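Listing of start_39.cif, mmCIF, N, CA and C atoms
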```cif
data_target
#
loop_
_atom_site.label_atom_id
_atom_site.label_comp_id
_atom_site.auth_asym_id
_atom_site.auth_seq_id
_atom_site.Cartn_x
_atom_site.Cartn_y
_atom_site.Cartn_z
N MET A 1 7.81 -29.65 -12.16
CA MET A 1 7.75 -29.27 -13.56
C MET A 1 7.34 -27.80 -13.67
N THR A 2 7.97 -27.10 -14.55
CA THR A 2 7.68 -25.68 -14.78
C THR A 2 6.34 -25.52 -15.46
N THR A 3 5.59 -24.53 -14.99
CA THR A 3 4.31 -24.19 -15.61
C THR A 3 4.43 -22.82 -16.26
N ILE A 4 4.02 -22.73 -17.51
CA ILE A 4 4.02 -21.46 -18.23
C ILE A 4 2.58 -21.11 -18.59
N THR A 5 2.18 -19.89 -18.22
CA THR A 5 0.84 -19.39 -18.52
C THR A 5 0.99 -18.16 -19.41
N ARG A 6 0.30 -18.17 -20.54
CA ARG A 6 0.32 -17.04 -21.48
C ARG A 6 -1.05 -16.39 -21.47
N VAL A 7 -1.07 -15.07 -21.25
CA VAL A 7 -2.32 -14.32 -21.16
C VAL A 7 -2.45 -13.42 -22.38
N LYS A 8 -3.54 -13.58 -23.10
CA LYS A 8 -3.89 -12.71 -24.24
C LYS A 8 -5.07 -11.85 -23.82
N THR A 9 -5.07 -10.59 -24.26
CA THR A 9 -6.17 -9.70 -23.88
C THR A 9 -7.12 -9.41 -25.04
N GLY A 10 -6.83 -9.99 -26.19
CA GLY A 10 -7.67 -9.73 -27.35
C GLY A 10 -7.21 -8.56 -28.19
N SER A 11 -6.09 -7.96 -27.82
CA SER A 11 -5.56 -6.83 -28.58
C SER A 11 -5.18 -7.27 -29.99
N LYS A 12 -5.53 -6.45 -30.97
CA LYS A 12 -5.16 -6.77 -32.35
C LYS A 12 -3.64 -6.78 -32.52
N PHE A 13 -2.93 -6.02 -31.67
CA PHE A 13 -1.48 -5.98 -31.75
C PHE A 13 -0.87 -7.31 -31.29
N GLU A 14 -1.46 -7.92 -30.25
CA GLU A 14 -0.98 -9.22 -29.78
C GLU A 14 -1.12 -10.28 -30.87
N GLU A 15 -2.23 -10.25 -31.56
CA GLU A 15 -2.46 -11.22 -32.63
C GLU A 15 -1.50 -10.97 -33.81
N HIS A 16 -1.42 -9.71 -34.23
CA HIS A 16 -0.59 -9.35 -35.38
C HIS A 16 0.88 -9.71 -35.16
N ALA A 17 1.41 -9.37 -33.98
CA ALA A 17 2.83 -9.57 -33.70
C ALA A 17 3.11 -10.88 -32.97
N SER A 18 2.07 -11.66 -32.70
CA SER A 18 2.19 -12.95 -32.05
C SER A 18 2.93 -12.88 -30.71
N TYR A 19 2.34 -12.09 -29.78
CA TYR A 19 2.91 -12.01 -28.45
C TYR A 19 1.81 -12.08 -27.41
N SER A 20 2.20 -12.28 -26.16
CA SER A 20 1.26 -12.33 -25.05
C SER A 20 1.41 -11.08 -24.21
N ARG A 21 0.32 -10.62 -23.64
CA ARG A 21 0.38 -9.47 -22.72
C ARG A 21 1.17 -9.85 -21.48
N VAL A 22 0.91 -11.06 -20.98
CA VAL A 22 1.57 -11.55 -19.77
C VAL A 22 2.04 -12.97 -20.01
N VAL A 23 3.23 -13.27 -19.53
CA VAL A 23 3.72 -14.65 -19.48
C VAL A 23 4.18 -14.90 -18.05
N ALA A 24 3.60 -15.92 -17.44
CA ALA A 24 4.02 -16.32 -16.09
C ALA A 24 4.76 -17.64 -16.22
N VAL A 25 5.96 -17.68 -15.66
CA VAL A 25 6.76 -18.89 -15.61
C VAL A 25 6.89 -19.23 -14.13
N ASP A 26 6.10 -20.22 -13.71
CA ASP A 26 5.94 -20.49 -12.29
C ASP A 26 5.53 -19.18 -11.61
N ASP A 27 6.32 -18.65 -10.67
CA ASP A 27 5.92 -17.44 -9.96
C ASP A 27 6.48 -16.16 -10.56
N TRP A 28 7.34 -16.27 -11.56
CA TRP A 28 7.84 -15.09 -12.26
C TRP A 28 6.83 -14.66 -13.30
N ILE A 29 6.52 -13.35 -13.34
CA ILE A 29 5.51 -12.82 -14.24
C ILE A 29 6.10 -11.66 -15.03
N LEU A 30 6.05 -11.80 -16.35
CA LEU A 30 6.55 -10.76 -17.25
C LEU A 30 5.37 -10.13 -17.97
N VAL A 31 5.31 -8.80 -17.93
CA VAL A 31 4.22 -8.07 -18.58
C VAL A 31 4.82 -7.26 -19.72
N SER A 32 4.31 -7.48 -20.93
CA SER A 32 4.78 -6.77 -22.11
C SER A 32 4.65 -5.26 -21.94
N ASN A 33 5.48 -4.55 -22.69
CA ASN A 33 5.40 -3.09 -22.74
C ASN A 33 3.93 -2.70 -22.95
N THR A 34 3.38 -1.92 -22.05
CA THR A 34 1.95 -1.64 -22.02
C THR A 34 1.67 -0.15 -22.16
N ALA A 35 0.80 0.17 -23.10
CA ALA A 35 0.40 1.56 -23.35
C ALA A 35 -0.94 1.86 -22.68
N GLY A 36 -1.37 3.09 -22.80
CA GLY A 36 -2.58 3.55 -22.13
C GLY A 36 -3.84 3.46 -22.96
N ARG A 37 -3.94 2.49 -23.83
CA ARG A 37 -5.16 2.29 -24.62
C ARG A 37 -6.17 1.52 -23.78
N ASN A 38 -7.38 2.06 -23.67
CA ASN A 38 -8.43 1.37 -22.95
C ASN A 38 -8.85 0.14 -23.76
N PRO A 39 -8.71 -1.06 -23.19
CA PRO A 39 -9.00 -2.27 -23.97
C PRO A 39 -10.48 -2.45 -24.30
N ASP A 40 -11.35 -1.79 -23.56
CA ASP A 40 -12.78 -1.92 -23.81
C ASP A 40 -13.29 -0.94 -24.86
N THR A 41 -12.70 0.27 -24.89
CA THR A 41 -13.18 1.29 -25.82
C THR A 41 -12.21 1.53 -26.98
N GLY A 42 -10.94 1.11 -26.81
CA GLY A 42 -9.93 1.37 -27.82
C GLY A 42 -9.39 2.79 -27.78
N GLU A 43 -9.88 3.60 -26.84
CA GLU A 43 -9.46 5.00 -26.76
C GLU A 43 -8.17 5.16 -25.98
N ILE A 44 -7.42 6.20 -26.35
CA ILE A 44 -6.18 6.57 -25.67
C ILE A 44 -6.34 8.01 -25.18
N PRO A 45 -6.27 8.25 -23.87
CA PRO A 45 -6.41 9.63 -23.39
C PRO A 45 -5.29 10.51 -23.94
N ALA A 46 -5.58 11.79 -24.12
CA ALA A 46 -4.58 12.73 -24.62
C ALA A 46 -3.60 13.14 -23.52
N ASP A 47 -4.05 13.14 -22.27
CA ASP A 47 -3.25 13.59 -21.13
C ASP A 47 -2.31 12.48 -20.66
N VAL A 48 -1.05 12.82 -20.42
CA VAL A 48 -0.05 11.82 -20.01
C VAL A 48 -0.42 11.16 -18.68
N SER A 49 -0.97 11.92 -17.73
CA SER A 49 -1.38 11.33 -16.44
C SER A 49 -2.50 10.33 -16.62
N GLU A 50 -3.47 10.67 -17.46
CA GLU A 50 -4.58 9.75 -17.71
C GLU A 50 -4.09 8.50 -18.45
N GLN A 51 -3.14 8.69 -19.37
CA GLN A 51 -2.56 7.52 -20.04
C GLN A 51 -1.88 6.61 -19.03
N LEU A 52 -1.11 7.20 -18.11
CA LEU A 52 -0.40 6.38 -17.12
C LEU A 52 -1.39 5.65 -16.21
N ARG A 53 -2.47 6.31 -15.84
CA ARG A 53 -3.49 5.63 -15.02
C ARG A 53 -4.07 4.43 -15.78
N GLN A 54 -4.29 4.61 -17.08
CA GLN A 54 -4.80 3.50 -17.90
C GLN A 54 -3.76 2.41 -18.05
N VAL A 55 -2.49 2.79 -18.17
CA VAL A 55 -1.40 1.80 -18.23
C VAL A 55 -1.44 0.94 -16.97
N PHE A 56 -1.52 1.57 -15.81
CA PHE A 56 -1.58 0.81 -14.56
C PHE A 56 -2.80 -0.10 -14.53
N ALA A 57 -3.95 0.40 -14.99
CA ALA A 57 -5.17 -0.43 -15.02
C ALA A 57 -4.98 -1.63 -15.94
N ASN A 58 -4.35 -1.42 -17.09
CA ASN A 58 -4.11 -2.51 -18.03
C ASN A 58 -3.16 -3.55 -17.43
N ILE A 59 -2.13 -3.08 -16.76
CA ILE A 59 -1.17 -3.99 -16.13
C ILE A 59 -1.85 -4.77 -15.00
N GLU A 60 -2.63 -4.07 -14.18
CA GLU A 60 -3.33 -4.74 -13.09
C GLU A 60 -4.27 -5.82 -13.63
N ARG A 61 -4.92 -5.52 -14.72
CA ARG A 61 -5.83 -6.50 -15.34
C ARG A 61 -5.06 -7.75 -15.76
N GLY A 62 -3.90 -7.56 -16.36
CA GLY A 62 -3.08 -8.70 -16.77
C GLY A 62 -2.54 -9.48 -15.59
N LEU A 63 -2.08 -8.77 -14.57
CA LEU A 63 -1.56 -9.44 -13.38
C LEU A 63 -2.65 -10.23 -12.66
N SER A 64 -3.84 -9.67 -12.60
CA SER A 64 -4.93 -10.37 -11.89
C SER A 64 -5.29 -11.68 -12.58
N ALA A 65 -5.05 -11.78 -13.88
CA ALA A 65 -5.34 -13.02 -14.61
C ALA A 65 -4.45 -14.17 -14.16
N VAL A 66 -3.31 -13.84 -13.54
CA VAL A 66 -2.38 -14.87 -13.05
C VAL A 66 -2.23 -14.78 -11.53
N ASP A 67 -3.30 -14.33 -10.86
CA ASP A 67 -3.35 -14.27 -9.40
C ASP A 67 -2.23 -13.42 -8.81
N SER A 68 -2.08 -12.21 -9.34
CA SER A 68 -1.06 -11.29 -8.89
C SER A 68 -1.62 -9.88 -8.90
N ASP A 69 -0.84 -8.93 -8.42
CA ASP A 69 -1.24 -7.53 -8.48
C ASP A 69 0.00 -6.65 -8.42
N LEU A 70 -0.19 -5.33 -8.40
CA LEU A 70 0.94 -4.40 -8.44
C LEU A 70 1.90 -4.58 -7.27
N THR A 71 1.42 -5.08 -6.14
CA THR A 71 2.32 -5.25 -4.98
C THR A 71 3.39 -6.30 -5.24
N ASP A 72 3.20 -7.13 -6.24
CA ASP A 72 4.18 -8.16 -6.59
C ASP A 72 5.24 -7.66 -7.58
N VAL A 73 5.11 -6.44 -8.05
CA VAL A 73 6.04 -5.90 -9.06
C VAL A 73 7.40 -5.65 -8.43
N VAL A 74 8.45 -6.17 -9.07
CA VAL A 74 9.81 -6.00 -8.56
C VAL A 74 10.70 -5.17 -9.50
N SER A 75 10.29 -5.01 -10.76
CA SER A 75 11.10 -4.26 -11.72
C SER A 75 10.19 -3.60 -12.75
N VAL A 76 10.52 -2.36 -13.11
CA VAL A 76 9.72 -1.62 -14.10
C VAL A 76 10.64 -0.87 -15.05
N LYS A 77 10.32 -0.95 -16.33
CA LYS A 77 10.95 -0.10 -17.33
C LYS A 77 9.90 0.92 -17.75
N ILE A 78 10.26 2.19 -17.65
CA ILE A 78 9.35 3.29 -17.95
C ILE A 78 9.83 3.97 -19.23
N PHE A 79 8.94 4.06 -20.21
CA PHE A 79 9.26 4.68 -21.49
C PHE A 79 8.40 5.92 -21.64
N ILE A 80 9.02 7.08 -21.74
CA ILE A 80 8.31 8.36 -21.83
C ILE A 80 8.63 9.00 -23.18
N GLN A 81 7.58 9.27 -23.96
CA GLN A 81 7.78 9.83 -25.31
C GLN A 81 8.47 11.19 -25.27
N ASN A 82 7.98 12.09 -24.42
CA ASN A 82 8.48 13.47 -24.36
C ASN A 82 9.20 13.68 -23.03
N PRO A 83 10.49 13.98 -23.05
CA PRO A 83 11.23 14.19 -21.81
C PRO A 83 10.58 15.24 -20.89
N ALA A 84 9.85 16.18 -21.46
CA ALA A 84 9.18 17.20 -20.64
C ALA A 84 8.10 16.60 -19.74
N ASP A 85 7.62 15.39 -20.05
CA ASP A 85 6.59 14.73 -19.24
C ASP A 85 7.18 13.90 -18.09
N THR A 86 8.51 13.84 -18.00
CA THR A 86 9.15 12.96 -17.02
C THR A 86 8.71 13.26 -15.59
N GLU A 87 8.71 14.52 -15.18
CA GLU A 87 8.33 14.86 -13.80
C GLU A 87 6.89 14.44 -13.51
N THR A 88 5.97 14.68 -14.43
CA THR A 88 4.57 14.29 -14.26
C THR A 88 4.45 12.78 -14.12
N VAL A 89 5.12 12.05 -15.01
CA VAL A 89 5.07 10.58 -14.98
C VAL A 89 5.65 10.06 -13.67
N MET A 90 6.82 10.57 -13.29
CA MET A 90 7.48 10.05 -12.10
C MET A 90 6.70 10.38 -10.82
N THR A 91 6.03 11.52 -10.79
CA THR A 91 5.21 11.86 -9.62
C THR A 91 4.05 10.89 -9.47
N LEU A 92 3.33 10.63 -10.55
CA LEU A 92 2.21 9.70 -10.49
C LEU A 92 2.69 8.27 -10.26
N PHE A 93 3.81 7.92 -10.88
CA PHE A 93 4.38 6.59 -10.66
C PHE A 93 4.71 6.42 -9.17
N GLY A 94 5.35 7.42 -8.59
CA GLY A 94 5.71 7.37 -7.17
C GLY A 94 4.50 7.25 -6.27
N GLN A 95 3.43 7.97 -6.59
CA GLN A 95 2.21 7.88 -5.80
C GLN A 95 1.60 6.48 -5.88
N THR A 96 1.63 5.89 -7.05
CA THR A 96 1.02 4.59 -7.27
C THR A 96 1.86 3.46 -6.67
N MET A 97 3.17 3.58 -6.76
CA MET A 97 4.06 2.49 -6.36
C MET A 97 4.71 2.70 -4.99
N ARG A 98 4.30 3.75 -4.27
CA ARG A 98 4.86 4.04 -2.94
C ARG A 98 4.75 2.81 -2.05
N GLY A 99 5.87 2.42 -1.45
CA GLY A 99 5.91 1.28 -0.56
C GLY A 99 6.21 -0.03 -1.27
N ILE A 100 5.97 -0.09 -2.57
CA ILE A 100 6.32 -1.28 -3.35
C ILE A 100 7.79 -1.17 -3.75
N ASP A 101 8.17 0.02 -4.18
CA ASP A 101 9.56 0.38 -4.44
C ASP A 101 10.33 -0.59 -5.35
N PRO A 102 9.83 -0.85 -6.56
CA PRO A 102 10.57 -1.73 -7.47
C PRO A 102 11.82 -1.03 -8.00
N VAL A 103 12.73 -1.79 -8.59
CA VAL A 103 13.82 -1.16 -9.33
C VAL A 103 13.20 -0.61 -10.62
N ILE A 104 13.76 0.49 -11.11
CA ILE A 104 13.21 1.07 -12.34
C ILE A 104 14.32 1.49 -13.29
N THR A 105 13.95 1.55 -14.55
CA THR A 105 14.75 2.17 -15.59
C THR A 105 13.82 3.15 -16.28
N VAL A 106 14.29 4.37 -16.49
CA VAL A 106 13.49 5.40 -17.16
C VAL A 106 14.25 5.84 -18.41
N THR A 107 13.54 5.84 -19.53
CA THR A 107 14.16 6.27 -20.78
C THR A 107 13.13 7.03 -21.61
N CYS A 108 13.63 7.84 -22.53
CA CYS A 108 12.75 8.65 -23.37
C CYS A 108 13.01 8.36 -24.86
N PRO A 109 12.68 7.15 -25.30
CA PRO A 109 12.87 6.81 -26.71
C PRO A 109 11.62 7.18 -27.50
N PRO A 110 11.70 7.20 -28.81
CA PRO A 110 10.45 7.30 -29.57
C PRO A 110 9.64 6.03 -29.32
N LEU A 111 8.35 6.17 -29.14
CA LEU A 111 7.47 5.02 -28.95
C LEU A 111 6.85 4.65 -30.29
N GLY A 112 6.05 3.60 -30.32
CA GLY A 112 5.50 3.08 -31.57
C GLY A 112 4.62 4.04 -32.33
N SER A 113 4.08 5.03 -31.63
CA SER A 113 3.24 6.06 -32.25
C SER A 113 3.31 7.30 -31.37
N GLU A 114 3.19 8.46 -31.95
CA GLU A 114 3.24 9.69 -31.16
C GLU A 114 2.04 9.84 -30.23
N VAL A 115 0.98 9.08 -30.46
CA VAL A 115 -0.18 9.14 -29.58
C VAL A 115 0.13 8.56 -28.20
N TYR A 116 1.11 7.63 -28.14
CA TYR A 116 1.51 7.04 -26.87
C TYR A 116 2.48 7.97 -26.16
N LYS A 117 2.13 8.37 -24.95
CA LYS A 117 2.98 9.30 -24.20
C LYS A 117 3.82 8.59 -23.15
N VAL A 118 3.35 7.43 -22.69
CA VAL A 118 4.07 6.68 -21.67
C VAL A 118 3.71 5.21 -21.78
N GLU A 119 4.68 4.34 -21.58
CA GLU A 119 4.46 2.90 -21.57
C GLU A 119 5.29 2.30 -20.45
N LEU A 120 4.81 1.21 -19.87
CA LEU A 120 5.54 0.50 -18.83
C LEU A 120 5.69 -0.97 -19.20
N GLU A 121 6.82 -1.54 -18.84
CA GLU A 121 7.05 -2.98 -18.92
C GLU A 121 7.41 -3.41 -17.50
N VAL A 122 6.74 -4.44 -16.99
CA VAL A 122 7.00 -4.83 -15.61
C VAL A 122 7.34 -6.31 -15.48
N THR A 123 8.09 -6.60 -14.44
CA THR A 123 8.37 -7.96 -14.01
C THR A 123 7.86 -8.06 -12.57
N ALA A 124 7.13 -9.12 -12.31
CA ALA A 124 6.59 -9.35 -10.96
C ALA A 124 6.96 -10.76 -10.51
N TYR A 125 6.87 -10.94 -9.22
CA TYR A 125 7.08 -12.27 -8.64
C TYR A 125 5.86 -12.55 -7.75
N ARG A 126 5.09 -13.55 -8.14
CA ARG A 126 3.84 -13.85 -7.42
C ARG A 126 4.14 -14.08 -5.93
N GLY A 127 3.50 -13.29 -5.08
CA GLY A 127 3.67 -13.40 -3.64
C GLY A 127 4.64 -12.39 -3.07
N ALA A 128 5.35 -11.65 -3.91
CA ALA A 128 6.32 -10.66 -3.41
C ALA A 128 5.66 -9.62 -2.51
N GLY A 129 4.42 -9.28 -2.81
CA GLY A 129 3.71 -8.28 -2.02
C GLY A 129 3.41 -8.74 -0.60
N ARG A 130 3.47 -10.04 -0.36
CA ARG A 130 3.22 -10.60 0.97
C ARG A 130 4.51 -11.05 1.66
N ALA A 131 5.63 -10.90 0.98
CA ALA A 131 6.90 -11.39 1.50
C ALA A 131 7.46 -10.45 2.57
N GLU A 132 8.29 -11.00 3.43
CA GLU A 132 9.01 -10.19 4.40
C GLU A 132 10.02 -9.35 3.64
N VAL A 133 10.07 -8.05 3.93
CA VAL A 133 10.94 -7.12 3.22
C VAL A 133 12.00 -6.58 4.16
N HIS A 134 13.23 -6.61 3.72
CA HIS A 134 14.33 -6.00 4.45
C HIS A 134 14.76 -4.78 3.66
N ARG A 135 14.78 -3.64 4.30
CA ARG A 135 15.18 -2.40 3.62
C ARG A 135 16.56 -1.99 4.12
N ILE A 136 17.40 -1.61 3.21
CA ILE A 136 18.74 -1.15 3.55
C ILE A 136 18.91 0.25 2.97
N ASP A 137 19.32 1.19 3.78
CA ASP A 137 19.56 2.56 3.33
C ASP A 137 21.05 2.81 3.42
N THR A 138 21.71 2.90 2.29
CA THR A 138 23.16 3.11 2.28
C THR A 138 23.54 4.58 2.41
N SER A 139 22.57 5.48 2.41
CA SER A 139 22.89 6.92 2.49
C SER A 139 23.41 7.30 3.87
N ALA A 140 23.09 6.54 4.90
CA ALA A 140 23.51 6.87 6.26
C ALA A 140 24.92 6.34 6.57
N GLN A 141 25.54 5.69 5.64
CA GLN A 141 26.86 5.09 5.91
C GLN A 141 27.99 6.02 5.61
#
```
Spit out the file's structure as structure tokens when you get a sec.
Amino acid sequence: MTTITRVKTGSKFEEHASYSRVVAVDDWILVSNTAGRNPDTGEIPADVSEQLRQVFANIERGLSAVDSDLTDVVSVKIFIQNPADTETVMTLFGQTMRGIDPVITVTCPPLGSEVYKVELEVTAYRGAGRAEVHRIDTSAQ
């Protein structure tokens, strides 16, 4: 039988819009589009790098609630408010996700508020970080 786990973080946005931060369906884990608001203080850093660090912390917090972590991430959608921040975001993203190497989509749409500089939406598979990985490099062909 399928097990569905819904994780709420207490965000007023989750309550208002009736959504969950994380939904796990058996070992598949979906994490809602996540911004860099500190859930304990409500503050959002002004710097895009600091926002992205907070985004990762928020995602890790949600993943840990369902016995997972960033190493289980297999797909990421990256939303960057200002295209000029793309290099900064991608550099920090690369440093954080090095060796995990999920598939990604990067886009620069307007976000829900101009205060948000970067948001991530992730899909994870519980246990992927411990799985045997086969890497294929098609550039040498």
*Write out as a ChimeraX atom specification which residues come within 10 Å of A:Gly127 when counting only C-alpha atoms, dropping same-chain ones fewer than 2 positions away.*
/A:27-28,67-69,71-73,124-125,129-131
*asked:* Ranking A:Pro39, A:His134, A:Val55, A:Glu121 by minimum distance to A:Ser11 and counting all atoms listed in the file, which one comes first?
replied: A:Pro39
*Could you list the residues chosen by the PyMOL selection byres (((chain A and resi 42 and name CA) around 12) and name CA) in this structure as a list of chain:residue names?*
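The output of the PyMOL selection byres (((chain A and resi 42 and name CA) around 12) and name CA) on this file is A:Gly10, A:Ser11, A:Lys12, A:Phe13, A:Ala35, A:Gly36, A:Arg37, A:Asn38, A:Pro39, A:Asp40, A:Thr41, A:Glu43, A:Ile44, A:Pro45, A:Gln54.
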*Just asking: which residues within chain A are alpha helix (DSSP H) according to DSSP, as a PyMOL selection string?*
chain A and resi 12-17+48-64+86-97
Please, could you write that set of residues out with N, CA and C atoms as a CSV table (one decimal), in the coordinates of the input?
```csv
chain,number,residue,atom,x,y,z
A,12,LYS,N,-5.5,-6.4,-31.0
A,12,LYS,CA,-5.2,-6.8,-32.4
A,12,LYS,C,-3.6,-6.8,-32.5
A,13,PHE,N,-2.9,-6.0,-31.7
A,13,PHE,CA,-1.5,-6.0,-31.8
A,13,PHE,C,-0.9,-7.3,-31.3
A,14,GLU,N,-1.5,-7.9,-30.2
A,14,GLU,CA,-1.0,-9.2,-29.8
A,14,GLU,C,-1.1,-10.3,-30.9
A,15,GLU,N,-2.2,-10.2,-31.6
A,15,GLU,CA,-2.5,-11.2,-32.6
A,15,GLU,C,-1.5,-11.0,-33.8
A,16,HIS,N,-1.4,-9.7,-34.2
A,16,HIS,CA,-0.6,-9.4,-35.4
A,16,HIS,C,0.9,-9.7,-35.2
A,17,ALA,N,1.4,-9.4,-34.0
A,17,ALA,CA,2.8,-9.6,-33.7
A,17,ALA,C,3.1,-10.9,-33.0
A,48,VAL,N,-1.0,12.8,-20.4
A,48,VAL,CA,0.0,11.8,-20.0
A,48,VAL,C,-0.4,11.2,-18.7
A,49,SER,N,-1.0,11.9,-17.7
A,49,SER,CA,-1.4,11.3,-16.4
A,49,SER,C,-2.5,10.3,-16.6
A,50,GLU,N,-3.5,10.7,-17.5
A,50,GLU,CA,-4.6,9.8,-17.7
A,50,GLU,C,-4.1,8.5,-18.4
A,51,GLN,N,-3.1,8.7,-19.4
A,51,GLN,CA,-2.6,7.5,-20.0
A,51,GLN,C,-1.9,6.6,-19.0
A,52,LEU,N,-1.1,7.2,-18.1
A,52,LEU,CA,-0.4,6.4,-17.1
A,52,LEU,C,-1.4,5.6,-16.2
A,53,ARG,N,-2.5,6.3,-15.8
A,53,ARG,CA,-3.5,5.6,-15.0
A,53,ARG,C,-4.1,4.4,-15.8
A,54,GLN,N,-4.3,4.6,-17.1
A,54,GLN,CA,-4.8,3.5,-17.9
A,54,GLN,C,-3.8,2.4,-18.0
A,55,VAL,N,-2.5,2.8,-18.2
A,55,VAL,CA,-1.4,1.8,-18.2
A,55,VAL,C,-1.4,0.9,-17.0
A,56,PHE,N,-1.5,1.6,-15.8
A,56,PHE,CA,-1.6,0.8,-14.6
A,56,PHE,C,-2.8,-0.1,-14.5
A,57,ALA,N,-4.0,0.4,-15.0
A,57,ALA,CA,-5.2,-0.4,-15.0
A,57,ALA,C,-5.0,-1.6,-15.9
A,58,ASN,N,-4.4,-1.4,-17.1
A,58,ASN,CA,-4.1,-2.5,-18.0
A,58,ASN,C,-3.2,-3.6,-17.4
A,59,ILE,N,-2.1,-3.1,-16.8
A,59,ILE,CA,-1.2,-4.0,-16.1
A,59,ILE,C,-1.8,-4.8,-15.0
A,60,GLU,N,-2.6,-4.1,-14.2
A,60,GLU,CA,-3.3,-4.7,-13.1
A,60,GLU,C,-4.3,-5.8,-13.6
A,61,ARG,N,-4.9,-5.5,-14.7
A,61,ARG,CA,-5.8,-6.5,-15.3
A,61,ARG,C,-5.1,-7.8,-15.8
A,62,GLY,N,-3.9,-7.6,-16.4
A,62,GLY,CA,-3.1,-8.7,-16.8
A,62,GLY,C,-2.5,-9.5,-15.6
A,63,LEU,N,-2.1,-8.8,-14.6
A,63,LEU,CA,-1.6,-9.4,-13.4
A,63,LEU,C,-2.6,-10.2,-12.7
A,64,SER,N,-3.8,-9.7,-12.6
A,64,SER,CA,-4.9,-10.4,-11.9
A,64,SER,C,-5.3,-11.7,-12.6
A,86,THR,N,8.5,13.8,-18.0
A,86,THR,CA,9.2,13.0,-17.0
A,86,THR,C,8.7,13.3,-15.6
A,87,GLU,N,8.7,14.5,-15.2
A,87,GLU,CA,8.3,14.9,-13.8
A,87,GLU,C,6.9,14.4,-13.5
A,88,THR,N,6.0,14.7,-14.4
A,88,THR,CA,4.6,14.3,-14.3
A,88,THR,C,4.4,12.8,-14.1
A,89,VAL,N,5.1,12.0,-15.0
A,89,VAL,CA,5.1,10.6,-15.0
A,89,VAL,C,5.6,10.1,-13.7
A,90,MET,N,6.8,10.6,-13.3
A,90,MET,CA,7.5,10.0,-12.1
A,90,MET,C,6.7,10.4,-10.8
A,91,THR,N,6.0,11.5,-10.8
A,91,THR,CA,5.2,11.9,-9.6
A,91,THR,C,4.0,10.9,-9.5
A,92,LEU,N,3.3,10.6,-10.6
A,92,LEU,CA,2.2,9.7,-10.5
A,92,LEU,C,2.7,8.3,-10.3
A,93,PHE,N,3.8,7.9,-10.9
A,93,PHE,CA,4.4,6.6,-10.7
A,93,PHE,C,4.7,6.4,-9.2
A,94,GLY,N,5.4,7.4,-8.6
A,94,GLY,CA,5.7,7.4,-7.2
A,94,GLY,C,4.5,7.2,-6.3
A,95,GLN,N,3.4,8.0,-6.6
A,95,GLN,CA,2.2,7.9,-5.8
A,95,GLN,C,1.6,6.5,-5.9
A,96,THR,N,1.6,5.9,-7.0
A,96,THR,CA,1.0,4.6,-7.3
A,96,THR,C,1.9,3.5,-6.7
A,97,MET,N,3.2,3.6,-6.8
A,97,MET,CA,4.1,2.5,-6.4
A,97,MET,C,4.7,2.7,-5.0
```
Closest contacts (stretch 21-95 of chain A/stretch 103-109 of chain A, max 7 Å, all atoms listed in the file) as a tab-separated table:
```
residue	atom	partner	partner_atom	distance
A:Val73	C	A:Val103	N	6.6
A:Val74	C	A:Val103	N	4.0
A:Ser75	CA	A:Val103	N	4.3
A:Val76	N	A:Val103	C	4.1
A:Lys77	CA	A:Thr105	N	4.4
A:Ile78	N	A:Thr105	C	3.9
A:Phe79	CA	A:Thr107	C	4.5
A:Ile80	N	A:Thr107	C	4.1
A:Gln81	CA	A:Pro109	C	5.2
A:Asn82	N	A:Cys108	CA	6.0
A:Pro83	N	A:Cys108	CA	5.8
```
_For the PyMOL selection byres ((chain A and resi 59) around 8), applied here, can you spell out every residue it catches as a PyMOL selection string?_
chain A and resi 31+34-35+53-58+60-65+68-70+122
*Using only C-alpha atoms, which residue out of A:Tyr116, A:Ile29, A:Ala84, A:Gln95 lies closest to A:Gln51?*
A:Tyr116
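Atom CA of A:Thr2 sits 6.0 Å away from atom CA of A:Asp26.
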*Using the chain letters and numbering of this document, enumerate as a list in words the residues selected by the PyMOL selection byres ((chain A and resi 21) around 5).*
Val7, Lys8, Tyr19, Ser20, Val22, Val23, Val31 and Ser32 of chain A
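In this comparison, which uses only C-alpha atoms, the residue of A:Val25, A:Ala46, A:Thr96, A:Ser18 approaching A:Val115 most closely is A:Ala46.
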